[in-house]
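The block underneath contains the structure these notes are about, expressed in structure tokens.
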Amino acid sequence: MKTRFVARILSLPVLGIAILSAANEENWPRFRGHNGAGTADFEVPAKWTDDTVNWEIKLPGSGHGSPVVWGDKIFLNAAREKGKERLVVCLDAPSGKVLWTKTFESESHKTNKRNSFASSTPAVDSDAVYVAWGHNTELQVTALSHQGKTLWQRNFGKVSGGHGFGVSPIVHDDLLVLPNDIEKGGGFLLGIDRKTGDERWKLPRESKRLTYSTPCVFPAPNGKKELIFTNWWLGVTSVDPLKGKPLWELSVFGRPHAERAISSPIVAGDLVLSVCGFTTLDKHLVAIRPASASKDGKAKEIWRLEDTVPHIPTPLLTKNRLYLWADNGVVTCLRPDTGKVVWKARPEGVKDTFYGSPVCAGGVIFCVSAYGKVVAIADDEEFRQLAVNDLDELCHSTPALANGNLYLRLFERLICIKGT
């Protein structure tokens with residue numbers, strides 16, 4: 001079945017040749033790709049037509065989690081029977097054919113009306129795909145081979161919070177890292193041996209609020225790596241991945257009222273950028289220089305922005321431009337080192353909320369609205385809207401960029417857009 005597109009604004013010609021390492025070109029290993037950066041060097045057309053669609057397929061279950069890609073395989077989470085069946089789906093990247101589906105029994109539970117029972121994004125490496133789901137009696141983490149064989153499965157506790165599960169794991173060296181910041185304390189951060197599923201370390205957290213933010217890795221100037229986590233009550237935390245011990249922590253978000261960290265932290269040079277807020281109240285973007293990158297050896301806030309900051313979409317960095325795509329559709333371009341605003345604009349033709357995060361393919365930035373309108377803008381020093389592609393289906397997902405193509409998960413479909 002072909003997808004029907006409504007092109008609201010003519011796209012500009014998109015030209016270029018992908019010059020990537022094989023690993024970066026073929027793989028998209030976690031939420032928002034390599035270290036959550038959300039970028040790829042190859043080009044994808046801004047305007048989509050039936051000829052642009054490489055393939056599309058109806059999925060065996062629904063959900064909001066993003067796809068991940070390793071070589072010629074795509075993996076994603078899905079659910080059926082109101083969460084009583086949790087699925088891991090593997091598809092052939094060149095054709096979209098479902099290669100295998102693995103089904104696990106679970107329980108239905110309360111969620112936010114905008115959440116799903118498959119909102120978590122898997123993590124994948126050359127050995128396995130790793131998935132997680134949870135509710136008030138379990139936090140289930142599973143490793144599957146690329147052929148669908150269960151390698152290990154562990155229950156690490158519980159997930160408490162009425163909005164439902166949605167946090168995503170990441171792979172770092174030989175660890176699978178999974179945050180579990182839950183309501184009213186009792187949460188923890190997990191470092192799991194990715195080969196065996198054994199717990200390497202468990203860092204208790206008095207987190208106060210269920211958190212959906214996916215961690216990232218900060219490469220310190222001394223050559224060591226730090227895991228960066230965002231949480232409303234605790235702020236921004238750096239953890240030693242080898243020992244599971246906090247390196248530094250800064251409480252930088254507001255406490256007059258309850259907030260929630262959903263947007264994920266990213267790295268911008270010697271800064272980490274973290275977002276937190278409340279849907280209808282304050283929202284904060286804070287730039288922190290980690291202790292390992294500071295002359296005095298102390299982590300410190302460098303700048304902050306609290307105007308038109310996104311609550312759910314994760315910021316996007318391209319060279320010296322930082323993009324904030326707010327939930328209401330307003331896009332702000334900043335300088336990542338200072339927070340100085342370069343421009344601010346609202347795309348035309350889309351009166352919608354944005355739950356997915358922006359990604360950049362070559363010189364084009366894509367972000368998808370809740371009702372499947374894919375907005376394309378130029379990565380540029382001034383605002384230039386290139387196209388609006390109407391997919392006419394619910395979408396709270398973030399695209400994946402791999403194999404020279406864009407893969408977008410709608411609520412019940414997956415589509416592949418051919419790169420140039």
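Here, A, B, ... name the chains of the structure tokens in the order displayed, residue numbers run from 1 inside each chain, and ligands are numbered from 1 in the same displayed order.
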- Query: If we count only C-alpha atoms, what is near A:Phe366 at a cut-off of 7 Å, once residues fewer than 3 positions away on the same chain are taken out, given as a list in words?
  - Reply: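 Contacts, in chain order: Pro358, Val359, Cys360, Val374, Val375, Ala376 and Ile377 of chain A.
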Store the residues picked out above in a file with C-alpha atoms, as a tab-separated table (two decimals), in the first residue's frame.
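Ended up saving to part29.tsv:
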```
chain	number	residue	atom	x	y	z
A	358	PRO	CA	14.17	16.36	15.76
A	359	VAL	CA	16.86	14.59	13.75
A	360	CYS	CA	19.15	15.95	11.04
A	374	VAL	CA	6.65	15.59	9.22
A	375	VAL	CA	8.10	19.10	9.14
A	376	ALA	CA	11.37	19.63	7.27
A	377	ILE	CA	13.48	22.74	7.83
```
Go through stretch 197-306 of chain A residue by residue and, counting only C-alpha atoms, keep those with an atom at most 12 Å from stretch 103-126 of chain A; for each kept residue give the shortest atom pair and its distance in Å to one decimal, ordered by chain and increasing number, as JSON lines.
```
{"residue": "A:Leu210", "atom": "CA", "partner": "A:Thr111", "partner_atom": "CA", "distance": 11.9}
{"residue": "A:Tyr212", "atom": "CA", "partner": "A:Ser120", "partner_atom": "CA", "distance": 8.9}
{"residue": "A:Ser213", "atom": "CA", "partner": "A:Ser120", "partner_atom": "CA", "distance": 10.6}
{"residue": "A:Thr214", "atom": "CA", "partner": "A:Thr121", "partner_atom": "CA", "distance": 9.5}
{"residue": "A:Ile262", "atom": "CA", "partner": "A:Ser120", "partner_atom": "CA", "distance": 12.0}
```
- Message: Just the number, please: distance in Å from atom CA of A:Ala287 to atom CA of A:Trp303, one decimal.
- Response: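 Taking atom CA of A:Ala287 as the start and atom CA of A:Trp303 as the end point, the length is 5.4 Å.
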Select from stretch 293-356 of chain A everything DSSP, run on the backbone, classes as strand (DSSP E or B), then give the selection as a PDB file with C-alpha atoms, in the first residue's frame.
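And here is the file that came out, out-v8.pdb:
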```
ATOM      1  CA  LYS A 300      29.145  24.356  37.111  1.00  0.00           C
ATOM      2  CA  GLU A 301      26.203  25.865  35.281  1.00  0.00           C
ATOM      3  CA  ILE A 302      27.390  27.914  32.294  1.00  0.00           C
ATOM      4  CA  TRP A 303      24.093  29.220  30.919  1.00  0.00           C
ATOM      5  CA  ARG A 304      20.380  28.512  30.967  1.00  0.00           C
ATOM      6  CA  LEU A 305      17.276  29.261  28.909  1.00  0.00           C
ATOM      7  CA  LEU A 316      19.519  18.793  18.481  1.00  0.00           C
ATOM      8  CA  LEU A 317      23.091  19.969  17.897  1.00  0.00           C
ATOM      9  CA  THR A 318      24.576  20.506  14.409  1.00  0.00           C
ATOM     10  CA  ARG A 321      23.803  25.460  16.017  1.00  0.00           C
ATOM     11  CA  LEU A 322      21.596  24.117  18.791  1.00  0.00           C
ATOM     12  CA  TYR A 323      17.937  23.560  17.918  1.00  0.00           C
ATOM     13  CA  LEU A 324      15.098  23.446  20.440  1.00  0.00           C
ATOM     14  CA  TRP A 325      11.849  22.120  18.988  1.00  0.00           C
ATOM     15  CA  VAL A 331      11.739  26.214  16.882  1.00  0.00           C
ATOM     16  CA  THR A 332      14.629  28.134  18.458  1.00  0.00           C
ATOM     17  CA  CYS A 333      18.182  28.122  17.102  1.00  0.00           C
ATOM     18  CA  LEU A 334      20.923  28.941  19.646  1.00  0.00           C
ATOM     19  CA  VAL A 341      19.460  33.045  20.274  1.00  0.00           C
ATOM     20  CA  VAL A 342      20.191  33.051  16.525  1.00  0.00           C
ATOM     21  CA  TRP A 343      16.557  32.865  15.386  1.00  0.00           C
ATOM     22  CA  LYS A 344      13.124  31.699  16.502  1.00  0.00           C
ATOM     23  CA  ALA A 345      10.194  30.721  14.280  1.00  0.00           C
TER      24      ALA A 345
END
```
- Message: Excluding A:Leu271 and its own-chain neighbours fewer than 3 positions away, which residues fall within 9 Å of it when counting only C-alpha atoms? Please give them as an MDAnalysis selection string.
- Response: chainID A and resid 218 266:268 287:290 293 302 336:337
- Message: From the options A:Trp248, A:Glu199, A:Phe42, A:Ile182, which residue's atoms come nearest to A:Trp233, counting only C-alpha atoms?
- Response: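 Result for the nearest residue to A:Trp233: A:Ile182.
Reported to one decimal place, the separation of atom CA of A:Thr196 from atom CA of A:Leu151 is 7.9 Å.
Restricting the calculation to only C-alpha atoms, the smallest distance between A:Val350 and any of A:Asp198, A:Asp390, A:Asp72, A:Glu381 is found for A:Asp390.
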- Counting only C-alpha atoms, figure out which residue out of A:Val69, A:Leu91, A:Ala261, A:Leu175 gets nearest to A:Arg30. A:Val69
- Expressed in Å to a single decimal, how great is the separation between atom CA of A:Val68 and atom CA of A:Ala400?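 Separation between atom CA of A:Val68 and atom CA of A:Ala400: 6.6 Å.
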- Excluding A:Ala143 and any residue of its chain fewer than 5 positions from it, enumerate the residues within 9 Å of it, using only C-alpha atoms, and give them as a list of chain:residue names. A:Ala128, A:Val129, A:Tyr130, A:Val131, A:Lys149, A:Thr150, A:Leu151, A:Trp152, A:Gln153, A:Arg194, A:Lys195, A:Thr196, A:Gly197
Let's have the selection written as an mmCIF file, in the first residue's frame, with C-alpha atoms.
```cif
data_model
loop_
_atom_site.group_PDB
_atom_site.id
_atom_site.type_symbol
_atom_site.label_atom_id
_atom_site.label_comp_id
_atom_site.auth_asym_id
_atom_site.auth_seq_id
_atom_site.Cartn_x
_atom_site.Cartn_y
_atom_site.Cartn_z
ATOM 1 C CA ALA A 128 22.123 -8.500 20.747
ATOM 2 C CA VAL A 129 19.089 -6.245 20.981
ATOM 3 C CA TYR A 130 18.089 -5.146 24.490
ATOM 4 C CA VAL A 131 14.552 -4.209 25.518
ATOM 5 C CA LYS A 149 16.808 -16.162 20.512
ATOM 6 C CA THR A 150 16.389 -15.115 24.153
ATOM 7 C CA LEU A 151 19.908 -14.763 25.585
ATOM 8 C CA TRP A 152 18.872 -13.682 29.061
ATOM 9 C CA GLN A 153 15.971 -12.047 30.896
ATOM 10 C CA ARG A 194 25.235 -6.958 28.653
ATOM 11 C CA LYS A 195 26.536 -10.507 28.056
ATOM 12 C CA THR A 196 25.008 -12.238 31.084
ATOM 13 C CA GLY A 197 22.291 -9.920 32.407
#
```
- Can you tell me, as a PyMOL selection string, what residues are no more than 12 Å from A:Ala291 when counting only C-alpha atoms, ignoring any on the same chain fewer than 4 positions away? chain A and resi 218-222+226+237-239+246-250+270-272+295-301
